[in-house]
2 protein chains.
Amino acid sequence: MGLSPQKTVIGFIGTGVMGSSMAGHILNAGFALHVYNRTKSRADNLVSKGAVWEDTIAGLSANCDVIITIVGMPGDVEAVYFSEDGILNHVRPGTIVIDMTTSSPELAKNIYQSAKERAIESLDAPVSGGDLGARNATLSIMVGGDEKIFDKLLPLFEIMGKNIVYQGEPGTGQHTKIANQIAIAASMVAVCESLAYAKKAGLDQKTVLKSIGPGAAGSWSLNNLGPRMIADDFDPGFFIKHFMKDMKIAANSSKDLGLATPGLDLARSLYQKLIDQGCENEGTQALYKLFK
Amino acid sequence: MGLSPQKTVIGFIGTGVMGSSMAGHILNAGFALHVYNRTKSRADNLVSKGAVWEDTIAGLSANCDVIITIVGMPGDVEAVYFSEDGILNHVRPGTIVIDMTTSSPELAKNIYQSAKERAIESLDAPVSGGDLGARNATLSIMVGGDEKIFDKLLPLFEIMGKNIVYQGEPGTGQHTKIANQIAIAASMVAVCESLAYAKKAGLDQKTVLKSIGPGAAGSWSLNNLGPRMIADDFDPGFFIKHFMKDMKIAANSSKDLGLATPGLDLARSLYQKLIDQGCENEGTQALYKLFK
């Protein structure tokens, strides 16, 4: 059976900043959409556009062909899938569940295994690209699980994202997202130090960006977050508290794999200082405050 | 007086990997070119194409309208400019000297000041882009000094580079290059950790790059050096020993400015380990060896 707006009912659990945009695209594509969120009011907008509100996860799970989850912490993912009222105890055989939360690879494997035992298919498919990527349907989606299920779901992913890559067995989507966050972590320190140096040296930071942004020092962080640092704009594109969650998952997983990550450790310790200063709801570019 | 191949004699001191390519472009543009290098044989190719060999820096200095230097360490720059046989003691008033070595901002200011006292003009104009950028005339050139001299020399810079930016007063070219190297330093750690994580997690590293390279984790280092790390290709594009020199200049200057640079410090300590292992003549991407 292929996906089709006429026949496939999509369930969506977690209509926060990311989820509400992603679910909106699915609704706009013509699919029947059932939604659940811990805070009901955050689903109001989707319901006003035609989504069906479900009072419980159990109820949603029994009514859908494909269920997407994007919630907060790994603990939330665990509860949504494994609790008595959770997805796996109420879903119909043949359903496909997709966790798009950034969560732990181990948990993704556990969900996959438990799902298999109930004849349910499971993919881990975390995303990168932030609220802007969710809004513009330009997310990068990194997918682990069975390839034939990925192939089947690809049209659904294409409604939400642009760079959609199958990474391999269950858990590899989450592992890839961790690699993504590790690549960002110490780079943020580098960007902050560089722009703080420019300022202390008396340079015009915008002119410095013209020299260094397009070349070997260039990065998404430098070219997109650098201008916000210079402008003292610390509004969240990506929340510090969420980045810290991801870095903790990354640190735990690195430890499990026996990998030393001094750059990640440094970034975590600096972001912890920011959190101690009450900046957890600012954007990750607020790291610059520690240097300027 | 404007620059013109018919009337302007260019002197070039330092015909190493970078300098020989840069000098070659000037020669190809039709300028009379006089060259000097500590190791004469490295200028043979330029001489065979029409450059005039000078036996001494003093001799070259007396014969040229514009003198470009790109040598090794700040100590070499100091000797080339300030020693008894150096540029400043033999150059004609009205000459323009341009140091394109990556060197210290303080030294750049000293050269500027001493040059002014002799009615000589001076620019600091370090480059980024490596041997490939030098060969293809796509270098980024960051320039400090008097703006009217920059304007006059711009056509000459355009023979060697693409992204040519005037940064401000004497020393700002060097300060900008430092900001560039600081932005690279901790980012290299991030890239190595990310790709090492991918490997230890059992992912296909090339497929991971497809997911993370184009997005928020993307950087020149990840997308250009990452594939070399994956392929165990540690041949020098940019030598570790040269990067270490630059990072030392950056650390000293940061200290002078009262800026803490934990990311730069981490990168330096890791690259020092590589040098201790005898890897100083490998490319900067060899940092990956410490993690894989």
# chains A, B, ... in the order shown; residues from 1 in each chain; ligands from 1

$ residues_around --residues "Leu154 in chain B" --least-positions-apart "5" --cutoff "9 Å" --atoms "only C-alpha atoms" --output "PyMOL selection string"
chain B and resi 149+159+164

$ interface_residues --of "chain B" --to "chain A" --cutoff "8 Å" --atoms "only C-alpha atoms" --output "PDB file with N, CA and C atoms, in the first residue's frame"
ATOM      1  N   SER B 128      44.163  34.257   2.603  1.00  0.00           N
ATOM      2  CA  SER B 128      43.595  32.969   2.960  1.00  0.00           C
ATOM      3  C   SER B 128      43.169  32.273   1.677  1.00  0.00           C
ATOM      4  N   GLY B 129      43.248  30.962   1.662  1.00  0.00           N
ATOM      5  CA  GLY B 129      42.856  30.229   0.465  1.00  0.00           C
ATOM      6  C   GLY B 129      43.847  29.153   0.062  1.00  0.00           C
ATOM      7  N   SER B 140      41.615  35.060  -0.772  1.00  0.00           N
ATOM      8  CA  SER B 140      41.005  36.146  -0.017  1.00  0.00           C
ATOM      9  C   SER B 140      42.147  36.997   0.534  1.00  0.00           C
ATOM     10  N   ILE B 141      42.084  38.309   0.315  1.00  0.00           N
ATOM     11  CA  ILE B 141      43.165  39.202   0.755  1.00  0.00           C
ATOM     12  C   ILE B 141      42.585  40.239   1.715  1.00  0.00           C
ATOM     13  N   MET B 142      43.133  40.315   2.925  1.00  0.00           N
ATOM     14  CA  MET B 142      42.618  41.181   3.990  1.00  0.00           C
ATOM     15  C   MET B 142      43.632  42.297   4.215  1.00  0.00           C
ATOM     16  N   ASN B 163      38.493  37.793  -3.289  1.00  0.00           N
ATOM     17  CA  ASN B 163      37.755  38.480  -2.221  1.00  0.00           C
ATOM     18  C   ASN B 163      38.721  39.413  -1.495  1.00  0.00           C
ATOM     19  N   ILE B 164      38.801  40.644  -1.965  1.00  0.00           N
ATOM     20  CA  ILE B 164      39.806  41.593  -1.480  1.00  0.00           C
ATOM     21  C   ILE B 164      39.095  42.683  -0.685  1.00  0.00           C
ATOM     22  N   VAL B 165      39.364  42.743   0.616  1.00  0.00           N
ATOM     23  CA  VAL B 165      38.603  43.648   1.478  1.00  0.00           C
ATOM     24  C   VAL B 165      39.547  44.560   2.270  1.00  0.00           C
ATOM     25  N   GLN B 167      40.292  46.552   5.399  1.00  0.00           N
ATOM     26  CA  GLN B 167      39.799  46.386   6.766  1.00  0.00           C
ATOM     27  C   GLN B 167      40.027  47.620   7.639  1.00  0.00           C
ATOM     28  N   GLY B 168      40.956  48.485   7.250  1.00  0.00           N
ATOM     29  CA  GLY B 168      41.148  49.686   8.063  1.00  0.00           C
ATOM     30  C   GLY B 168      42.609  50.026   8.269  1.00  0.00           C
ATOM     31  N   THR B 172      45.232  45.976  10.672  1.00  0.00           N
ATOM     32  CA  THR B 172      43.899  45.349  10.639  1.00  0.00           C
ATOM     33  C   THR B 172      43.825  44.183   9.656  1.00  0.00           C
ATOM     34  N   HIS B 175      45.054  41.476  11.881  1.00  0.00           N
ATOM     35  CA  HIS B 175      44.023  41.154  12.875  1.00  0.00           C
ATOM     36  C   HIS B 175      42.896  40.321  12.245  1.00  0.00           C
ATOM     37  N   THR B 176      42.516  40.687  11.021  1.00  0.00           N
ATOM     38  CA  THR B 176      41.439  39.948  10.345  1.00  0.00           C
ATOM     39  C   THR B 176      41.863  38.517  10.048  1.00  0.00           C
ATOM     40  N   ILE B 178      43.918  36.817  11.782  1.00  0.00           N
ATOM     41  CA  ILE B 178      43.853  36.115  13.071  1.00  0.00           C
ATOM     42  C   ILE B 178      42.420  35.686  13.369  1.00  0.00           C
ATOM     43  N   ALA B 179      41.473  36.598  13.160  1.00  0.00           N
ATOM     44  CA  ALA B 179      40.055  36.243  13.368  1.00  0.00           C
ATOM     45  C   ALA B 179      39.679  35.049  12.496  1.00  0.00           C
ATOM     46  N   ASN B 180      40.212  35.033  11.283  1.00  0.00           N
ATOM     47  CA  ASN B 180      39.966  33.922  10.360  1.00  0.00           C
ATOM     48  C   ASN B 180      40.506  32.606  10.932  1.00  0.00           C
ATOM     49  N   GLN B 181      41.726  32.625  11.410  1.00  0.00           N
ATOM     50  CA  GLN B 181      42.335  31.399  11.929  1.00  0.00           C
ATOM     51  C   GLN B 181      41.665  30.940  13.230  1.00  0.00           C
ATOM     52  N   ILE B 182      41.238  31.886  14.051  1.00  0.00           N
ATOM     53  CA  ILE B 182      40.526  31.516  15.277  1.00  0.00           C
ATOM     54  C   ILE B 182      39.201  30.840  14.923  1.00  0.00           C
ATOM     55  N   ALA B 183      38.521  31.354  13.894  1.00  0.00           N
ATOM     56  CA  ALA B 183      37.251  30.742  13.486  1.00  0.00           C
ATOM     57  C   ALA B 183      37.446  29.323  12.978  1.00  0.00           C
ATOM     58  N   ILE B 184      38.629  29.050  12.440  1.00  0.00           N
ATOM     59  CA  ILE B 184      38.911  27.693  11.948  1.00  0.00           C
ATOM     60  C   ILE B 184      39.299  26.752  13.092  1.00  0.00           C
ATOM     61  N   ALA B 185      40.044  27.266  14.071  1.00  0.00           N
ATOM     62  CA  ALA B 185      40.725  26.392  15.042  1.00  0.00           C
ATOM     63  C   ALA B 185      39.780  25.410  15.744  1.00  0.00           C
ATOM     64  N   ALA B 186      38.863  25.911  16.566  1.00  0.00           N
ATOM     65  CA  ALA B 186      37.997  24.998  17.306  1.00  0.00           C
ATOM     66  C   ALA B 186      37.023  24.276  16.374  1.00  0.00           C
ATOM     67  N   SER B 187      36.733  24.881  15.223  1.00  0.00           N
ATOM     68  CA  SER B 187      35.855  24.203  14.259  1.00  0.00           C
ATOM     69  C   SER B 187      36.476  22.909  13.746  1.00  0.00           C
ATOM     70  N   MET B 188      37.791  22.902  13.612  1.00  0.00           N
ATOM     71  CA  MET B 188      38.470  21.673  13.183  1.00  0.00           C
ATOM     72  C   MET B 188      38.259  20.555  14.199  1.00  0.00           C
ATOM     73  N   VAL B 189      38.274  20.921  15.482  1.00  0.00           N
ATOM     74  CA  VAL B 189      38.026  19.928  16.529  1.00  0.00           C
ATOM     75  C   VAL B 189      36.613  19.373  16.371  1.00  0.00           C
ATOM     76  N   ALA B 190      35.666  20.283  16.134  1.00  0.00           N
ATOM     77  CA  ALA B 190      34.266  19.882  15.977  1.00  0.00           C
ATOM     78  C   ALA B 190      34.086  18.921  14.808  1.00  0.00           C
ATOM     79  N   VAL B 191      34.725  19.230  13.693  1.00  0.00           N
ATOM     80  CA  VAL B 191      34.602  18.390  12.499  1.00  0.00           C
ATOM     81  C   VAL B 191      35.178  16.995  12.764  1.00  0.00           C
ATOM     82  N   GLU B 193      35.593  15.456  15.678  1.00  0.00           N
ATOM     83  CA  GLU B 193      34.756  14.728  16.634  1.00  0.00           C
ATOM     84  C   GLU B 193      33.501  14.187  15.958  1.00  0.00           C
ATOM     85  N   SER B 194      32.922  14.995  15.100  1.00  0.00           N
ATOM     86  CA  SER B 194      31.683  14.596  14.437  1.00  0.00           C
ATOM     87  C   SER B 194      31.901  13.383  13.533  1.00  0.00           C
ATOM     88  N   LEU B 195      32.957  13.436  12.726  1.00  0.00           N
ATOM     89  CA  LEU B 195      33.197  12.320  11.803  1.00  0.00           C
ATOM     90  C   LEU B 195      33.690  11.080  12.532  1.00  0.00           C
ATOM     91  N   ALA B 196      34.442  11.282  13.627  1.00  0.00           N
ATOM     92  CA  ALA B 196      34.873  10.135  14.429  1.00  0.00           C
ATOM     93  C   ALA B 196      33.667   9.492  15.115  1.00  0.00           C
ATOM     94  N   TYR B 197      32.743  10.342  15.578  1.00  0.00           N
ATOM     95  CA  TYR B 197      31.510   9.801  16.172  1.00  0.00           C
ATOM     96  C   TYR B 197      30.768   8.950  15.148  1.00  0.00           C
ATOM     97  N   ALA B 198      30.621   9.501  13.947  1.00  0.00           N
ATOM     98  CA  ALA B 198      29.891   8.780  12.896  1.00  0.00           C
ATOM     99  C   ALA B 198      30.507   7.407  12.664  1.00  0.00           C
ATOM    100  N   LYS B 200      32.479   5.605  14.765  1.00  0.00           N
ATOM    101  CA  LYS B 200      32.327   4.712  15.931  1.00  0.00           C
ATOM    102  C   LYS B 200      30.890   4.219  16.073  1.00  0.00           C
ATOM    103  N   ALA B 201      29.938   5.031  15.614  1.00  0.00           N
ATOM    104  CA  ALA B 201      28.532   4.635  15.704  1.00  0.00           C
ATOM    105  C   ALA B 201      28.140   3.672  14.590  1.00  0.00           C
ATOM    106  N   LEU B 203      28.098   4.346  11.345  1.00  0.00           N
ATOM    107  CA  LEU B 203      27.441   4.998  10.214  1.00  0.00           C
ATOM    108  C   LEU B 203      28.370   4.996   8.991  1.00  0.00           C
ATOM    109  N   ASP B 204      27.789   5.200   7.834  1.00  0.00           N
ATOM    110  CA  ASP B 204      28.578   5.442   6.637  1.00  0.00           C
ATOM    111  C   ASP B 204      28.895   6.935   6.597  1.00  0.00           C
ATOM    112  N   THR B 207      27.648   9.135   3.777  1.00  0.00           N
ATOM    113  CA  THR B 207      26.198   9.361   3.812  1.00  0.00           C
ATOM    114  C   THR B 207      25.856  10.374   4.900  1.00  0.00           C
ATOM    115  N   VAL B 208      26.594  10.323   6.006  1.00  0.00           N
ATOM    116  CA  VAL B 208      26.396  11.326   7.061  1.00  0.00           C
ATOM    117  C   VAL B 208      26.695  12.724   6.521  1.00  0.00           C
ATOM    118  N   LYS B 210      26.290  13.773   3.604  1.00  0.00           N
ATOM    119  CA  LYS B 210      25.145  14.200   2.776  1.00  0.00           C
ATOM    120  C   LYS B 210      24.047  14.811   3.627  1.00  0.00           C
ATOM    121  N   SER B 211      23.870  14.271   4.828  1.00  0.00           N
ATOM    122  CA  SER B 211      22.850  14.829   5.723  1.00  0.00           C
ATOM    123  C   SER B 211      23.298  16.130   6.365  1.00  0.00           C
ATOM    124  N   ILE B 212      24.529  16.142   6.881  1.00  0.00           N
ATOM    125  CA  ILE B 212      24.907  17.273   7.748  1.00  0.00           C
ATOM    126  C   ILE B 212      25.689  18.367   7.022  1.00  0.00           C
ATOM    127  N   GLY B 215      23.636  21.693   5.860  1.00  0.00           N
ATOM    128  CA  GLY B 215      22.773  22.376   6.824  1.00  0.00           C
ATOM    129  C   GLY B 215      23.512  23.193   7.859  1.00  0.00           C
ATOM    130  N   ALA B 216      22.903  23.284   9.029  1.00  0.00           N
ATOM    131  CA  ALA B 216      23.391  24.155  10.099  1.00  0.00           C
ATOM    132  C   ALA B 216      24.741  23.699  10.658  1.00  0.00           C
ATOM    133  N   ALA B 217      25.126  22.464  10.403  1.00  0.00           N
ATOM    134  CA  ALA B 217      26.442  21.978  10.848  1.00  0.00           C
ATOM    135  C   ALA B 217      27.503  22.187   9.772  1.00  0.00           C
ATOM    136  N   GLY B 218      27.099  22.674   8.640  1.00  0.00           N
ATOM    137  CA  GLY B 218      27.993  22.771   7.490  1.00  0.00           C
ATOM    138  C   GLY B 218      29.069  23.831   7.653  1.00  0.00           C
ATOM    139  N   SER B 219      30.218  23.557   7.099  1.00  0.00           N
ATOM    140  CA  SER B 219      31.335  24.513   7.109  1.00  0.00           C
ATOM    141  C   SER B 219      32.268  24.149   5.974  1.00  0.00           C
ATOM    142  N   TRP B 220      33.127  25.113   5.617  1.00  0.00           N
ATOM    143  CA  TRP B 220      34.151  24.830   4.612  1.00  0.00           C
ATOM    144  C   TRP B 220      34.983  23.634   5.067  1.00  0.00           C
ATOM    145  N   SER B 221      35.349  23.611   6.347  1.00  0.00           N
ATOM    146  CA  SER B 221      36.193  22.521   6.861  1.00  0.00           C
ATOM    147  C   SER B 221      35.492  21.172   6.737  1.00  0.00           C
ATOM    148  N   SER B 254      45.535  37.548  21.250  1.00  0.00           N
ATOM    149  CA  SER B 254      44.344  37.459  22.102  1.00  0.00           C
ATOM    150  C   SER B 254      44.701  37.791  23.544  1.00  0.00           C
ATOM    151  N   LEU B 257      45.078  41.356  24.099  1.00  0.00           N
ATOM    152  CA  LEU B 257      43.792  42.051  24.099  1.00  0.00           C
ATOM    153  C   LEU B 257      42.905  41.658  25.285  1.00  0.00           C
ATOM    154  N   LEU B 259      41.557  38.675  25.806  1.00  0.00           N
ATOM    155  CA  LEU B 259      40.465  37.796  25.380  1.00  0.00           C
ATOM    156  C   LEU B 259      40.786  36.345  25.701  1.00  0.00           C
ATOM    157  N   ALA B 260      39.897  35.674  26.441  1.00  0.00           N
ATOM    158  CA  ALA B 260      40.047  34.241  26.694  1.00  0.00           C
ATOM    159  C   ALA B 260      39.592  33.473  25.465  1.00  0.00           C
ATOM    160  N   THR B 261      40.397  32.488  25.047  1.00  0.00           N
ATOM    161  CA  THR B 261      40.078  31.710  23.847  1.00  0.00           C
ATOM    162  C   THR B 261      40.210  30.217  24.133  1.00  0.00           C
ATOM    163  N   PRO B 262      39.286  29.662  24.917  1.00  0.00           N
ATOM    164  CA  PRO B 262      39.408  28.243  25.276  1.00  0.00           C
ATOM    165  C   PRO B 262      39.346  27.301  24.068  1.00  0.00           C
ATOM    166  N   GLY B 263      38.599  27.680  23.043  1.00  0.00           N
ATOM    167  CA  GLY B 263      38.519  26.834  21.854  1.00  0.00           C
ATOM    168  C   GLY B 263      39.838  26.820  21.090  1.00  0.00           C
ATOM    169  N   LEU B 264      40.412  27.989  20.927  1.00  0.00           N
ATOM    170  CA  LEU B 264      41.729  28.088  20.287  1.00  0.00           C
ATOM    171  C   LEU B 264      42.774  27.328  21.100  1.00  0.00           C
ATOM    172  N   LEU B 266      42.338  24.799  23.073  1.00  0.00           N
ATOM    173  CA  LEU B 266      42.121  23.360  22.895  1.00  0.00           C
ATOM    174  C   LEU B 266      42.717  22.898  21.566  1.00  0.00           C
ATOM    175  N   PHE B 291      41.403  11.292  16.763  1.00  0.00           N
ATOM    176  CA  PHE B 291      40.047  10.903  17.183  1.00  0.00           C
ATOM    177  C   PHE B 291      39.591   9.559  16.630  1.00  0.00           C
TER     178      PHE B 291
END

$ atom_distance --atom1 "CA of Ala119 in chain B" --atom2 "CA of Ile13 in chain B"
20.7 Å

$ residues_around --residues "Ser41 in chain A" --least-positions-apart "3" --cutoff "12 Å" --atoms "only C-alpha atoms" --output "PDB file with all heavy atoms, in the first residue's frame"
ATOM      1  N   GLY A  14       2.667  16.048  19.289  1.00  0.00           N
ATOM      2  CA  GLY A  14       3.685  17.056  19.586  1.00  0.00           C
ATOM      3  C   GLY A  14       3.586  18.223  18.618  1.00  0.00           C
ATOM      4  O   GLY A  14       4.283  18.274  17.609  1.00  0.00           O
ATOM      5  N   THR A  15       2.706  19.184  18.955  1.00  0.00           N
ATOM      6  CA  THR A  15       2.491  20.313  18.043  1.00  0.00           C
ATOM      7  C   THR A  15       3.112  21.582  18.633  1.00  0.00           C
ATOM      8  O   THR A  15       2.453  22.606  18.781  1.00  0.00           O
ATOM      9  CB  THR A  15       0.988  20.511  17.765  1.00  0.00           C
ATOM     10  OG1 THR A  15       0.306  20.670  19.024  1.00  0.00           O
ATOM     11  CG2 THR A  15       0.413  19.334  17.024  1.00  0.00           C
ATOM     12  N   GLY A  16       4.386  21.471  18.979  1.00  0.00           N
ATOM     13  CA  GLY A  16       5.133  22.642  19.437  1.00  0.00           C
ATOM     14  C   GLY A  16       5.578  23.490  18.249  1.00  0.00           C
ATOM     15  O   GLY A  16       4.969  23.438  17.175  1.00  0.00           O
ATOM     16  N   SER A  20       4.053  21.935  14.905  1.00  0.00           N
ATOM     17  CA  SER A  20       2.853  22.572  14.346  1.00  0.00           C
ATOM     18  C   SER A  20       3.087  22.974  12.888  1.00  0.00           C
ATOM     19  O   SER A  20       2.187  22.825  12.055  1.00  0.00           O
ATOM     20  CB  SER A  20       2.418  23.771  15.189  1.00  0.00           C
ATOM     21  OG  SER A  20       3.457  24.703  15.287  1.00  0.00           O
ATOM     22  N   VAL A  35      -4.488  14.924  15.682  1.00  0.00           N
ATOM     23  CA  VAL A  35      -3.410  15.520  16.472  1.00  0.00           C
ATOM     24  C   VAL A  35      -3.635  15.342  17.969  1.00  0.00           C
ATOM     25  O   VAL A  35      -4.776  15.284  18.460  1.00  0.00           O
ATOM     26  CB  VAL A  35      -3.247  17.033  16.172  1.00  0.00           C
ATOM     27  CG1 VAL A  35      -2.803  17.247  14.739  1.00  0.00           C
ATOM     28  CG2 VAL A  35      -4.521  17.804  16.463  1.00  0.00           C
ATOM     29  N   TYR A  36      -2.512  15.235  18.675  1.00  0.00           N
ATOM     30  CA  TYR A  36      -2.536  15.238  20.135  1.00  0.00           C
ATOM     31  C   TYR A  36      -1.336  16.059  20.611  1.00  0.00           C
ATOM     32  O   TYR A  36      -0.255  15.999  20.023  1.00  0.00           O
ATOM     33  CB  TYR A  36      -2.429  13.823  20.715  1.00  0.00           C
ATOM     34  CG  TYR A  36      -2.268  13.845  22.215  1.00  0.00           C
ATOM     35  CD1 TYR A  36      -3.367  13.928  23.068  1.00  0.00           C
ATOM     36  CD2 TYR A  36      -0.985  13.840  22.786  1.00  0.00           C
ATOM     37  CE1 TYR A  36      -3.210  13.995  24.448  1.00  0.00           C
ATOM     38  CE2 TYR A  36      -0.817  13.911  24.165  1.00  0.00           C
ATOM     39  CZ  TYR A  36      -1.928  13.992  24.992  1.00  0.00           C
ATOM     40  OH  TYR A  36      -1.770  14.077  26.344  1.00  0.00           O
ATOM     41  N   ASN A  37      -1.567  16.829  21.678  1.00  0.00           N
ATOM     42  CA  ASN A  37      -0.465  17.570  22.291  1.00  0.00           C
ATOM     43  C   ASN A  37      -0.752  17.695  23.787  1.00  0.00           C
ATOM     44  O   ASN A  37      -1.909  17.770  24.206  1.00  0.00           O
ATOM     45  CB  ASN A  37      -0.339  18.969  21.659  1.00  0.00           C
ATOM     46  CG  ASN A  37       0.985  19.630  22.027  1.00  0.00           C
ATOM     47  OD1 ASN A  37       2.047  19.064  21.808  1.00  0.00           O
ATOM     48  ND2 ASN A  37       0.908  20.815  22.600  1.00  0.00           N
ATOM     49  N   ARG A  38       0.296  17.691  24.586  1.00  0.00           N
ATOM     50  CA  ARG A  38       0.109  17.779  26.033  1.00  0.00           C
ATOM     51  C   ARG A  38      -0.663  19.047  26.379  1.00  0.00           C
ATOM     52  O   ARG A  38      -1.594  19.023  27.169  1.00  0.00           O
ATOM     53  CB  ARG A  38       1.479  17.764  26.730  1.00  0.00           C
ATOM     54  CG  ARG A  38       1.450  17.268  28.138  1.00  0.00           C
ATOM     55  CD  ARG A  38       2.810  16.745  28.572  1.00  0.00           C
ATOM     56  NE  ARG A  38       3.888  17.676  28.207  1.00  0.00           N
ATOM     57  CZ  ARG A  38       5.182  17.418  28.396  1.00  0.00           C
ATOM     58  NH1 ARG A  38       5.566  16.277  28.946  1.00  0.00           N
ATOM     59  NH2 ARG A  38       6.097  18.278  28.037  1.00  0.00           N
ATOM     60  N   ASP A  44      -4.721  24.174  18.605  1.00  0.00           N
ATOM     61  CA  ASP A  44      -5.959  24.876  18.174  1.00  0.00           C
ATOM     62  C   ASP A  44      -5.892  25.321  16.715  1.00  0.00           C
ATOM     63  O   ASP A  44      -6.849  25.165  15.957  1.00  0.00           O
ATOM     64  CB  ASP A  44      -6.210  26.115  19.059  1.00  0.00           C
ATOM     65  CG  ASP A  44      -6.743  25.725  20.437  1.00  0.00           C
ATOM     66  OD1 ASP A  44      -7.073  24.525  20.625  1.00  0.00           O
ATOM     67  OD2 ASP A  44      -6.809  26.609  21.317  1.00  0.00           O
ATOM     68  N   ASN A  45      -4.751  25.873  16.351  1.00  0.00           N
ATOM     69  CA  ASN A  45      -4.601  26.390  14.989  1.00  0.00           C
ATOM     70  C   ASN A  45      -4.766  25.284  13.946  1.00  0.00           C
ATOM     71  O   ASN A  45      -5.435  25.462  12.929  1.00  0.00           O
ATOM     72  CB  ASN A  45      -3.230  27.072  14.850  1.00  0.00           C
ATOM     73  CG  ASN A  45      -3.114  27.844  13.557  1.00  0.00           C
ATOM     74  OD1 ASN A  45      -4.084  28.445  13.090  1.00  0.00           O
ATOM     75  ND2 ASN A  45      -1.938  27.804  12.943  1.00  0.00           N
ATOM     76  N   LEU A  46      -4.169  24.123  14.224  1.00  0.00           N
ATOM     77  CA  LEU A  46      -4.297  22.996  13.302  1.00  0.00           C
ATOM     78  C   LEU A  46      -5.736  22.505  13.242  1.00  0.00           C
ATOM     79  O   LEU A  46      -6.266  22.196  12.173  1.00  0.00           O
ATOM     80  CB  LEU A  46      -3.367  21.859  13.738  1.00  0.00           C
ATOM     81  CG  LEU A  46      -1.870  22.100  13.518  1.00  0.00           C
ATOM     82  CD1 LEU A  46      -1.043  21.110  14.315  1.00  0.00           C
ATOM     83  CD2 LEU A  46      -1.525  22.022  12.035  1.00  0.00           C
ATOM     84  N   VAL A  47      -6.389  22.444  14.417  1.00  0.00           N
ATOM     85  CA  VAL A  47      -7.779  21.977  14.471  1.00  0.00           C
ATOM     86  C   VAL A  47      -8.698  22.928  13.693  1.00  0.00           C
ATOM     87  O   VAL A  47      -9.584  22.498  12.950  1.00  0.00           O
ATOM     88  CB  VAL A  47      -8.245  21.825  15.940  1.00  0.00           C
ATOM     89  CG1 VAL A  47      -9.747  21.534  16.018  1.00  0.00           C
ATOM     90  CG2 VAL A  47      -7.451  20.714  16.631  1.00  0.00           C
ATOM     91  N   SER A  48      -8.391  24.223  13.809  1.00  0.00           N
ATOM     92  CA  SER A  48      -9.213  25.202  13.079  1.00  0.00           C
ATOM     93  C   SER A  48      -9.052  25.037  11.567  1.00  0.00           C
ATOM     94  O   SER A  48      -9.906  25.456  10.793  1.00  0.00           O
ATOM     95  CB  SER A  48      -8.826  26.624  13.492  1.00  0.00           C
ATOM     96  OG  SER A  48      -7.588  26.982  12.911  1.00  0.00           O
ATOM     97  N   TRP A  53      -8.861  16.645  16.624  1.00  0.00           N
ATOM     98  CA  TRP A  53      -8.240  16.565  17.945  1.00  0.00           C
ATOM     99  C   TRP A  53      -8.530  15.212  18.586  1.00  0.00           C
ATOM    100  O   TRP A  53      -9.655  14.723  18.535  1.00  0.00           O
ATOM    101  CB  TRP A  53      -8.751  17.699  18.846  1.00  0.00           C
ATOM    102  CG  TRP A  53      -8.310  17.510  20.275  1.00  0.00           C
ATOM    103  CD1 TRP A  53      -9.046  17.037  21.318  1.00  0.00           C
ATOM    104  CD2 TRP A  53      -6.999  17.759  20.784  1.00  0.00           C
ATOM    105  NE1 TRP A  53      -8.288  16.968  22.460  1.00  0.00           N
ATOM    106  CE2 TRP A  53      -7.017  17.409  22.166  1.00  0.00           C
ATOM    107  CE3 TRP A  53      -5.816  18.235  20.216  1.00  0.00           C
ATOM    108  CZ2 TRP A  53      -5.896  17.529  22.979  1.00  0.00           C
ATOM    109  CZ3 TRP A  53      -4.702  18.348  21.023  1.00  0.00           C
ATOM    110  CH2 TRP A  53      -4.743  18.004  22.383  1.00  0.00           C
TER     111      TRP A  53
END

$ select_by_dssp --residues "range 117-165 of chain B" --states "helix (DSSP H, G or I)" --output "ChimeraX atom specification"
/B:117,130-135,147-160

$ select_by_dssp --residues "range 79-192 of chain A" --states "strand (DSSP E or B)" --output "list in words"
Ile96, Val97, Ile98, Asp99, Glu121, Ser122, Leu123, Asp124, Val127, Ser128, Leu139, Ser140, Ile141, Met142, Val143, Gly144, Gly145, Gly161, Lys162, Asn163, Ile164, Val165, Tyr166, Gln167 and Gly168 of chain A

$ closest_residue --among "A:Asn252, A:Gln272, A:Asn63, A:Gln285" --to "Phe234 in chain A" --atoms "only C-alpha atoms"
A:Gln285

$ atom_distance --atom1 "CA of Ser4 in chain B" --atom2 "CA of Ile67 in chain B"
14.5 Å

$ closest_residue --among "B:His242, B:Asn28, B:Thr8, B:Met160" --to "Val71 in chain B" --atoms "only C-alpha atoms"
B:His242

$ residues_around --residues "Leu33 in chain A" --least-positions-apart "3" --cutoff "12 Å" --atoms "only C-alpha atoms" --output "ChimeraX atom specification"
/A:5-13,20,22-30,36,43,46-54,60,63-68

$ atom_distance --atom1 "CA of Leu153 in chain B" --atom2 "CA of Ala62 in chain B"
19.5 Å

$ closest_residue --among "A:Ala108, A:Ile275, A:Ile120, A:Ala115" --to "Gly144 in chain A" --atoms "only C-alpha atoms"
A:Ala108

$ closest_residue --among "B:Ser269, B:Asn110, B:Asn281, B:Ser21" --to "Asp131 in chain B" --atoms "only C-alpha atoms"
B:Ser21
